[in-house]
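To be precise, the following lines are coords.txt, and they hold compact mmCIF, C-alpha atoms and all ligand atoms.
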```txt
# COMPACT_ATOMS: atom_id res chain seq x y z
CA MET A 92 30.53 7.80 -13.34
CA LYS A 93 26.82 6.81 -13.27
CA LYS A 94 27.78 3.14 -12.97
CA THR A 95 30.02 3.69 -9.91
CA LEU A 96 27.23 5.68 -8.25
CA LYS A 97 24.84 2.80 -8.90
CA ILE A 98 27.26 0.28 -7.35
CA LYS A 99 27.77 2.59 -4.36
CA GLU A 100 23.98 2.91 -3.88
CA GLN A 101 23.53 -0.83 -4.07
CA LYS A 102 26.28 -1.38 -1.51
CA ILE A 103 24.63 1.06 0.91
CA LEU A 104 21.20 -0.50 0.39
CA SER A 105 22.55 -3.99 0.98
CA LYS A 106 24.28 -2.77 4.18
CA ILE A 107 20.99 -1.29 5.43
CA PHE A 108 19.12 -4.44 4.40
CA LYS A 109 21.62 -6.61 6.32
CA LYS A 110 21.14 -4.47 9.41
CA SER A 111 17.36 -4.82 9.08
CA GLU A 112 17.74 -8.60 8.82
CA ASN A 113 19.86 -8.65 11.98
CA ILE A 114 17.15 -6.70 13.78
CA TYR A 115 14.50 -9.12 12.54
CA ASN A 116 16.56 -12.08 13.76
CA LYS A 117 17.01 -10.38 17.13
CA THR A 118 13.23 -9.94 17.53
CA LYS A 119 12.61 -13.62 16.72
CA LYS A 120 14.18 -14.52 20.06
CA LEU A 121 12.03 -12.14 22.12
CA PRO A 122 9.51 -13.59 24.60
CA LYS A 123 6.04 -13.47 23.05
CA THR A 124 4.36 -11.25 25.65
CA LYS A 125 1.84 -8.46 25.19
CA PHE A 126 4.27 -6.14 26.99
CA ILE A 127 7.02 -6.75 24.45
CA TYR A 128 4.83 -6.46 21.36
CA SER A 129 2.97 -3.45 22.66
CA TYR A 130 6.28 -1.52 22.93
CA LEU A 131 7.67 -3.02 19.75
CA ILE A 132 4.69 -1.84 17.69
CA SER A 133 5.05 1.69 19.12
CA GLU A 134 8.76 1.76 18.27
CA LEU A 135 8.20 0.43 14.76
CA ILE A 136 5.51 3.05 14.15
CA LEU A 137 7.86 5.76 15.38
CA ILE A 138 10.79 4.70 13.20
CA ASN A 139 8.59 4.38 10.08
CA LEU A 140 7.34 7.92 10.74
CA GLU A 141 10.87 9.23 11.20
CA ILE A 142 12.09 7.50 8.03
CA GLU A 143 9.26 9.27 6.21
CA ASN A 144 10.41 12.63 7.64
CA ILE A 145 13.93 11.97 6.38
CA ILE A 146 13.17 10.69 2.91
CA PHE A 147 10.81 13.55 2.09
CA LYS A 148 13.50 16.15 2.88
CA LYS A 149 14.43 17.10 -0.65
CA ASN A 150 17.99 16.29 -1.72
CA TYR A 151 18.88 15.27 1.83
CA ASN A 152 21.27 12.34 2.15
CA PRO A 153 19.33 9.76 4.21
CA ILE A 154 22.16 7.31 4.99
CA ASN A 155 23.48 8.52 8.37
CA ASP A 156 20.02 9.14 9.80
CA THR A 157 18.80 5.71 8.67
CA ILE A 158 21.73 3.98 10.37
CA LYS A 159 21.11 6.06 13.51
CA ILE A 160 17.43 5.08 13.51
CA LEU A 161 18.23 1.38 13.16
CA ASP A 162 20.80 1.61 15.99
CA TYR A 163 18.16 3.37 18.10
CA LEU A 164 15.79 0.47 17.39
CA ILE A 165 18.41 -2.08 18.46
CA TYR A 166 18.89 -0.17 21.72
CA LYS A 167 15.12 0.03 22.31
CA ILE A 168 14.67 -3.70 21.65
CA ASP A 169 17.29 -4.44 24.33
CA LEU A 170 15.49 -2.16 26.81
CA ILE A 171 12.10 -3.71 26.05
CA LYS A 172 13.52 -7.21 26.47
CA LYS A 173 15.25 -6.33 29.74
CA ASN A 174 12.10 -4.81 31.24
CA ASN A 175 9.87 -7.71 30.36
CA ILE A 176 10.64 -8.91 33.92
CA HIS A 177 8.27 -6.18 35.16
CA SER A 178 5.48 -7.22 32.83
CA ASP A 179 2.48 -9.31 33.85
CA LYS A 180 3.80 -11.91 31.34
CA THR A 181 0.48 -12.21 29.53
CA GLY A 182 1.19 -14.05 26.30
CA ILE A 183 0.46 -12.44 22.95
CA LYS A 184 -2.06 -14.15 20.69
CA LYS A 185 -0.26 -15.60 17.69
CA GLN A 186 -1.86 -15.66 14.26
CA LEU A 187 0.21 -17.18 11.48
CA PHE A 188 0.50 -14.84 8.51
CA LYS A 189 -1.15 -16.35 5.44
CA LYS A 190 -0.90 -13.68 2.77
CA GLU A 191 -4.36 -13.52 1.20
CA ILE A 192 -6.28 -14.63 4.31
CA SER A 193 -4.45 -12.12 6.52
CA HIS A 194 -4.92 -9.29 4.01
CA GLU A 195 -8.65 -9.99 3.84
CA GLU A 196 -8.99 -9.47 7.58
CA LEU A 197 -6.54 -6.56 7.78
CA PHE A 198 -7.94 -4.36 5.03
CA GLN A 199 -11.58 -4.55 6.05
CA ARG A 200 -10.56 -3.58 9.59
CA LEU A 201 -8.75 -0.55 8.16
CA TRP A 202 -11.21 0.58 5.47
CA THR A 203 -14.11 0.71 7.92
CA ASN A 204 -12.29 3.02 10.38
CA TYR A 205 -13.29 6.15 8.48
CA ASN A 206 -16.24 8.40 9.31
CA PHE A 207 -18.10 10.06 6.45
CA ASN A 208 -16.22 13.39 6.63
CA GLN A 209 -12.81 11.72 6.83
CA TYR A 210 -13.78 9.48 3.91
CA ILE A 211 -14.67 12.42 1.68
CA LYS A 212 -11.81 14.68 2.85
CA ASP A 213 -9.01 12.11 3.26
CA ARG A 214 -9.86 9.59 0.59
CA VAL A 215 -12.21 10.75 -2.18
CA TRP A 216 -10.42 14.08 -2.71
CA ARG A 217 -7.11 12.36 -3.48
CA TYR A 218 -8.66 10.29 -6.30
CA ARG A 219 -10.52 13.30 -7.70
CA LYS A 220 -7.20 15.15 -7.61
CA ARG A 221 -5.40 12.26 -9.35
CA ILE A 222 -8.06 12.18 -12.06
CA LYS A 223 -7.68 15.94 -12.55
CA ILE A 224 -3.90 16.34 -12.52
CA ASN A 225 -3.40 13.37 -14.84
CA ASN A 226 -6.05 14.66 -17.22
CA LEU A 227 -8.08 11.47 -16.95
CA LYS A 228 -11.55 13.01 -16.89
CA LYS A 229 -11.81 12.54 -20.65
CA ILE A 230 -11.22 8.79 -20.41
CA ILE A 231 -13.70 8.37 -17.54
CA LYS A 232 -16.56 10.66 -18.57
CA ASN A 233 -19.60 8.66 -19.70
CA LYS A 234 -17.57 5.45 -19.53
CA LYS A 235 -18.01 2.09 -17.74
CA VAL A 236 -15.36 1.56 -15.08
CA VAL A 237 -14.49 -1.57 -13.10
CA ASP A 238 -12.33 -1.49 -9.94
CA PHE A 239 -10.56 -4.71 -8.89
CA GLY A 240 -10.03 -4.67 -5.10
CA CYS A 241 -12.01 -1.47 -4.59
CA GLY A 242 -11.67 -1.46 -0.77
CA HIS A 243 -14.26 0.95 0.63
CA GLY A 244 -14.96 2.32 -2.85
CA ASN A 245 -13.08 5.63 -2.77
CA PHE A 246 -11.78 5.53 -6.38
CA LEU A 247 -15.19 4.72 -7.91
CA ILE A 248 -16.98 7.30 -5.78
CA ALA A 249 -14.48 9.83 -7.17
CA ALA A 250 -14.99 8.47 -10.72
CA ALA A 251 -18.78 8.85 -10.33
CA MET A 252 -18.32 12.44 -9.16
CA GLU A 253 -16.12 13.02 -12.23
CA GLY A 254 -18.81 11.73 -14.57
CA CYS A 255 -18.40 7.99 -15.29
CA SER A 256 -21.63 6.41 -16.56
CA PHE A 257 -21.31 3.27 -14.43
CA GLY A 258 -18.82 1.95 -11.87
CA TYR A 259 -18.56 -1.63 -10.65
CA GLY A 260 -16.33 -2.43 -7.66
CA ILE A 261 -15.35 -5.82 -6.28
CA ASP A 262 -13.44 -6.72 -3.14
CA TYR A 263 -13.29 -9.85 -1.00
CA GLY A 264 -13.67 -7.77 2.17
CA LYS A 265 -17.37 -8.01 3.04
CA ASP A 266 -17.21 -5.16 5.57
CA SER A 267 -15.44 -2.88 3.08
CA ILE A 268 -18.15 -3.56 0.48
CA ASN A 269 -20.92 -2.88 3.04
CA PHE A 270 -19.16 0.38 3.89
CA ALA A 271 -18.91 1.34 0.18
CA ASN A 272 -22.62 0.61 -0.33
CA LYS A 273 -23.60 2.80 2.63
CA ILE A 274 -21.56 5.71 1.25
CA LYS A 275 -23.01 5.18 -2.22
CA ASN A 276 -26.55 5.38 -0.80
CA LYS A 277 -25.75 8.44 1.31
CA LEU A 278 -24.39 10.24 -1.77
CA LYS A 279 -27.38 9.10 -3.87
CA LEU A 280 -25.11 7.39 -6.38
CA ASN A 281 -27.15 4.14 -6.40
CA LYS A 282 -27.86 4.21 -10.11
CA LYS A 283 -24.26 4.84 -11.10
CA LEU A 284 -22.40 2.45 -8.84
CA LYS A 285 -22.50 -1.18 -7.78
CA PHE A 286 -20.24 -2.80 -5.16
CA GLU A 287 -20.10 -6.56 -4.63
CA THR A 288 -18.16 -8.98 -2.45
CA LYS A 289 -16.12 -11.09 -4.87
CA ASN A 290 -12.67 -12.49 -5.34
CA ILE A 291 -10.59 -10.80 -8.04
CA TYR A 292 -9.66 -14.12 -9.59
CA LYS A 293 -13.30 -14.82 -10.41
CA SER A 294 -15.13 -11.63 -11.32
CA ASN A 295 -17.74 -13.49 -13.45
CA LEU A 296 -17.91 -10.42 -15.66
CA LYS A 297 -18.44 -10.55 -19.41
CA SER A 298 -15.31 -10.30 -21.55
CA SER A 299 -14.57 -6.90 -23.16
CA SER A 300 -17.42 -5.27 -21.21
CA PHE A 301 -15.65 -2.25 -19.60
CA ASP A 302 -14.01 0.91 -21.01
CA VAL A 303 -11.73 1.46 -18.01
CA ALA A 304 -10.30 -1.00 -15.48
CA ILE A 305 -8.56 -0.09 -12.22
CA GLN A 306 -6.20 -2.01 -9.97
CA ASN A 307 -5.04 0.49 -7.44
CA GLY A 308 -2.58 -0.96 -4.93
CA VAL A 309 -4.04 -4.46 -5.02
CA PHE A 310 -2.27 -6.99 -7.25
CA HIS A 311 1.11 -6.53 -5.47
CA HIS A 312 -0.58 -8.25 -2.47
CA LEU A 313 -1.66 -11.39 -4.35
CA ASN A 314 -0.38 -14.96 -4.49
CA LYS A 315 -1.32 -15.24 -8.15
CA PRO A 316 -0.88 -11.81 -9.78
CA ASP A 317 -0.77 -13.35 -13.30
CA LYS A 318 -4.25 -14.70 -12.91
CA ALA A 319 -5.53 -11.31 -11.70
CA TYR A 320 -3.89 -9.30 -14.51
CA LYS A 321 -5.33 -11.71 -17.10
CA GLU A 322 -8.79 -11.32 -15.54
CA LEU A 323 -8.56 -7.51 -15.64
CA HIS A 324 -7.32 -7.66 -19.23
CA ARG A 325 -10.16 -10.03 -20.21
CA VAL A 326 -13.01 -7.76 -19.01
CA LEU A 327 -11.53 -4.64 -20.67
CA ARG A 328 -12.56 -3.83 -24.23
CA LYS A 329 -9.92 -3.52 -26.95
CA GLY A 330 -8.39 -0.02 -26.69
CA GLY A 331 -9.86 0.37 -23.20
CA TYR A 332 -7.72 2.02 -20.53
CA ALA A 333 -6.18 0.43 -17.45
CA TRP A 334 -5.11 2.47 -14.41
CA LEU A 335 -2.56 0.32 -12.62
CA TYR A 336 -0.84 1.25 -9.40
CA THR A 337 1.76 -1.10 -8.02
CA ASP A 338 4.61 -0.86 -5.57
CA GLY A 339 8.01 -0.21 -7.15
CA GLY A 340 10.10 -0.07 -4.05
CA GLY A 341 13.57 -1.35 -3.29
CA GLY A 342 14.75 1.74 -1.38
CA ILE A 343 15.26 2.56 2.32
CA ARG A 344 11.57 3.20 2.86
CA ASP A 345 10.71 -0.32 1.69
CA ILE A 346 13.50 -2.04 3.61
CA ILE A 347 12.19 -0.51 6.85
CA ALA A 348 8.51 -1.26 6.05
CA ASP A 349 9.31 -4.85 4.99
CA MET A 350 11.35 -5.40 8.15
CA SER A 351 8.45 -4.11 10.29
CA GLN A 352 6.01 -6.41 8.49
CA LYS A 353 8.29 -9.42 9.03
CA ILE A 354 8.73 -8.64 12.74
CA LEU A 355 4.98 -8.33 13.31
CA LYS A 356 3.62 -10.81 10.79
CA ASP A 357 2.58 -13.63 13.12
CA ILE A 358 0.93 -11.44 15.77
CA SER A 359 -2.86 -11.25 15.99
CA ILE A 360 -4.24 -8.65 13.59
CA ASP A 361 -6.76 -7.55 16.20
CA PHE A 362 -3.93 -6.74 18.66
CA LYS A 363 -1.91 -4.82 16.06
CA VAL A 364 -4.80 -2.76 14.69
CA LYS A 365 -6.09 -1.90 18.17
CA LYS A 366 -2.60 -0.94 19.33
CA ILE A 367 -2.08 1.37 16.35
CA ARG A 368 -5.45 2.99 17.07
CA THR A 369 -4.18 3.97 20.53
CA THR A 370 -1.30 6.01 19.07
CA TYR A 371 -3.58 9.04 18.55
CA LEU A 372 -2.10 9.56 15.11
CA ASN A 373 -4.47 11.09 12.58
CA ASN A 374 -6.64 8.64 10.67
CA SER A 375 -4.69 8.86 7.45
CA LYS A 376 -1.35 8.08 9.18
CA GLN A 377 -3.01 5.25 11.14
CA TYR A 378 -4.23 3.74 7.87
CA HIS A 379 -0.88 3.99 6.09
CA LEU A 380 1.19 2.68 8.98
CA SER A 381 -1.20 -0.21 9.64
CA ASP A 382 -1.01 -1.08 5.94
CA ASN A 383 2.77 -0.63 5.53
CA THR A 384 3.74 -2.50 8.68
CA ASN A 385 1.31 -5.40 8.21
CA ALA A 386 0.62 -6.08 4.53
CA LYS A 387 3.06 -7.95 2.31
CA TYR A 388 4.19 -6.20 -0.89
CA GLN A 389 5.77 -7.49 -4.04
CA HIS A 390 8.21 -4.93 -5.49
CA TYR A 391 8.77 -4.30 -9.21
CA SER A 392 11.21 -2.18 -11.16
CA LEU A 393 9.59 0.06 -13.80
CA GLU A 394 11.41 -1.83 -16.55
CA ASN A 395 10.27 -5.27 -15.41
CA TYR A 396 6.74 -4.11 -14.76
CA LEU A 397 6.31 -2.66 -18.27
CA LYS A 398 7.82 -5.79 -19.81
CA TYR A 399 5.36 -7.86 -17.81
CA LEU A 400 2.36 -5.72 -18.82
CA LYS A 401 3.35 -5.96 -22.50
CA LYS A 402 3.34 -9.74 -22.16
CA ILE A 403 -0.18 -9.65 -20.66
CA GLY A 404 -1.37 -7.64 -23.70
CA PHE A 405 -1.15 -3.94 -22.77
CA THR A 406 0.40 -1.12 -24.78
CA ASN A 407 0.79 2.69 -24.87
CA PHE A 408 2.22 3.24 -21.38
CA THR A 409 2.29 6.56 -19.49
CA GLN A 410 3.56 7.04 -15.95
CA LEU A 411 1.08 9.02 -13.84
CA ASN A 412 1.38 11.36 -10.87
CA GLY A 413 0.07 10.42 -7.39
CA GLY A 414 -0.05 14.11 -6.59
CA THR A 415 0.00 14.13 -2.76
CA LYS A 416 2.87 15.16 -0.48
CA THR A 417 3.69 11.57 0.40
CA ASP A 418 3.58 10.04 -3.10
CA PHE A 419 6.86 9.24 -4.79
CA ASP A 420 6.44 8.81 -8.53
CA LYS A 421 9.91 9.27 -10.05
CA PRO A 422 9.07 11.59 -12.96
CA PHE A 423 7.34 14.00 -10.57
CA LEU A 424 9.66 14.02 -7.56
CA GLU A 425 13.13 15.34 -8.28
CA ASP A 426 15.59 14.20 -5.65
CA LYS A 427 19.30 13.48 -5.84
CA TYR A 428 18.81 10.46 -3.59
CA PHE A 429 15.57 9.15 -5.11
CA LYS A 430 16.83 5.61 -5.78
CA LEU A 431 18.29 5.22 -2.29
CA LYS A 432 15.13 6.51 -0.67
CA PHE A 433 12.38 5.00 -2.84
CA GLY A 434 14.01 2.50 -5.21
CA SER A 435 11.77 2.47 -8.29
CA GLY A 436 9.20 4.62 -6.50
CA ASP A 437 5.44 4.35 -6.87
CA LEU A 438 4.45 2.93 -10.24
CA ARG A 439 1.21 4.45 -11.51
CA ILE A 440 0.71 3.41 -15.09
CA LEU A 441 -1.97 4.27 -17.60
CA CYS A 442 -2.06 1.88 -20.57
CA GLN A 443 -4.43 0.39 -23.13
CA LYS A 444 -5.56 -3.09 -24.05
CA LYS A 445 -3.94 -4.07 -27.35
C1 LIG B 1 -4.39 -1.51 -0.40
S1 LIG B 1 -6.05 -1.94 -0.57
C2 LIG B 1 -6.47 -0.90 -1.96
C3 LIG B 1 -7.94 -0.56 -2.02
C4 LIG B 1 -8.39 0.35 -3.15
N1 LIG B 1 -8.05 -0.17 -4.43
C5 LIG B 1 -7.82 1.75 -2.97
O1 LIG B 1 -7.00 2.15 -3.77
O2 LIG B 1 -8.18 2.44 -2.02
C6 LIG B 1 -6.07 -3.56 -1.25
C7 LIG B 1 -7.48 -4.11 -1.41
O3 LIG B 1 -7.44 -5.29 -2.19
C8 LIG B 1 -8.38 -6.21 -1.69
N2 LIG B 1 -8.00 -7.55 -2.12
C9 LIG B 1 -6.80 -8.14 -1.94
N3 LIG B 1 -6.81 -9.39 -2.45
C10 LIG B 1 -8.05 -9.59 -3.00
C11 LIG B 1 -8.68 -10.66 -3.68
N4 LIG B 1 -8.02 -11.79 -3.92
N5 LIG B 1 -9.96 -10.51 -4.10
C12 LIG B 1 -10.62 -9.35 -3.86
N6 LIG B 1 -10.09 -8.31 -3.22
C13 LIG B 1 -8.81 -8.41 -2.79
C14 LIG B 1 -8.30 -5.98 -0.18
O4 LIG B 1 -9.44 -6.44 0.49
C15 LIG B 1 -8.11 -4.48 -0.09
O5 LIG B 1 -9.33 -3.80 0.06
```

Would you mind writing the file out in structure tokens?
Amino acid sequence: MKKTLKIKEQKILSKIFKKSENIYNKTKKLPKTKFIYSYLISELILINLEIENIIFKKNYNPINDTIKILDYLIYKIDLIKKNNIHSDKTGIKKQLFKKEISHEELFQRLWTNYNFNQYIKDRVWRYRKRIKINNLKKIIKNKKVVDFGCGHGNFLIAAAMEGCSFGYGIDYGKDSINFANKIKNKLKLNKKLKFETKNIYKSNLKSSSFDVAIQNGVFHHLNKPDKAYKELHRVLRKGGYAWLYTDGGGGIRDIIADMSQKILKDISIDFKVKKIRTTYLNNSKQYHLSDNTNAKYQHYSLENYLKYLKKIGFTNFTQLNGGTKTDFDKPFLEDKYFKLKFGSGDLRILCQKK
């Protein structure tokens, strides 16, 4: 019974994936004008929002609505193409997507869009909440924590507020690090925290020198994840804890986000980020949609991810809870259609260095 359900789910997912590929191929033939891409970005934002509405309706079968949304997109693409004759024909600036170079530019544009109040309310609270609901205060208190790919520093700021003795954050985004340092100074956390511009692959940190290491939504964006995981493992002391968050994916949500990323990948980042800022969505939605429709993700199943982590040298795995309305960690979100909607879901893993 379970097996036939699995086959049925896979068939539906591959049908939706095929449709998304057809849409991508259709957009490849569109004239590269600002008119076309301006409308296309708006439509992609709208369908990603609507998919979110559908998949977070508990126990609601998402299949018919997803097909309807993709058909709507096909119709809108035809309309946009047809009406390009009325445009001023200004060409769009192309920018070839090169994973790590593009991510460096994208993320610092996004992380620096927060004002102080939004940063504390939108960002720091969610990490303080995650530390609390997962009972992690005891592993952080009076401990040395390193954050690989810290962005604008939100996780370490939260860790400092929850009592870590020292936090060290690295990110290759210079603007994000400057932003993190300004916040650190404003909150008078100078003695507890240090943020530096560095590449993850080369942290230059002493081996076995940290009690806790974090990679929160970072290594699934890399060209060489093995190298990064080995670096994180190296700087952690034996028995030290790793908080790892990586994209599981493989469900409808990911098919739609991946399709959007592919459609927009070679368009200037400046154009895309500015366009999304004119949607008047709240800051948190602007961040997530800019990330999901522009960054490239590697997806893992829980099984493969744990096997992989064991090989790197980690043990004692626990799956953690994201804890916000839009997180989808399987053990904490009961839904009949979970696999179809989210695939493996978010993978937040706490483990220890062997
Ligand atoms: C999705 S963001 C996550 C940021 C942060 N960990 C958080 O949870 O808010 C990914 C971050 O990884 C950083 N990053 C990606 N590749 C990197 C690399 N090779 N070296 C350093 N930082 C990197 C990006 O600049 C970006 O800030």

Please put the answer as JSON: centre and edge lengths, in Å with one decimal, of a box along x, y and z that encloses all listed atoms of ligand LIG 1 (chain B) plus 8 Å on each side.
```
{"center_x": -7.5, "center_y": -4.7, "center_z": -2.0, "size_x": 22.2, "size_y": 30.2, "size_z": 20.9}
```

- Message: So, with all atoms listed in the file as the atoms that count, which of A:Leu278, A:Leu137, A:Ile358, A:Leu431 lies closest to Phe188 in chain A?
- Response: A:Ile358

- Note on the structure: Using only C-alpha atoms, the best pick from A:Leu438, A:Leu227, A:Ile261, A:Ile192 as closest to Gly413 in chain A would be A:Leu438

- Can you tell me which residues come within 8 Å of ligand LIG 1 (chain B) when counting all atoms listed in the file, ideally as number ranges by chain? A: 191, 194-199, 202, 214, 238-246, 261-264, 267, 288-292, 305-310, 312-313, 382

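You will find CA of Ser256 in chain A at 24.1 Å from CA of Thr409 in chain A.
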
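Shortest separation to Ile138 in chain A among A:Gln209, A:Arg344, A:Gly434, A:Thr370 occurs at residue A:Arg344, atoms counted being all atoms listed in the file.
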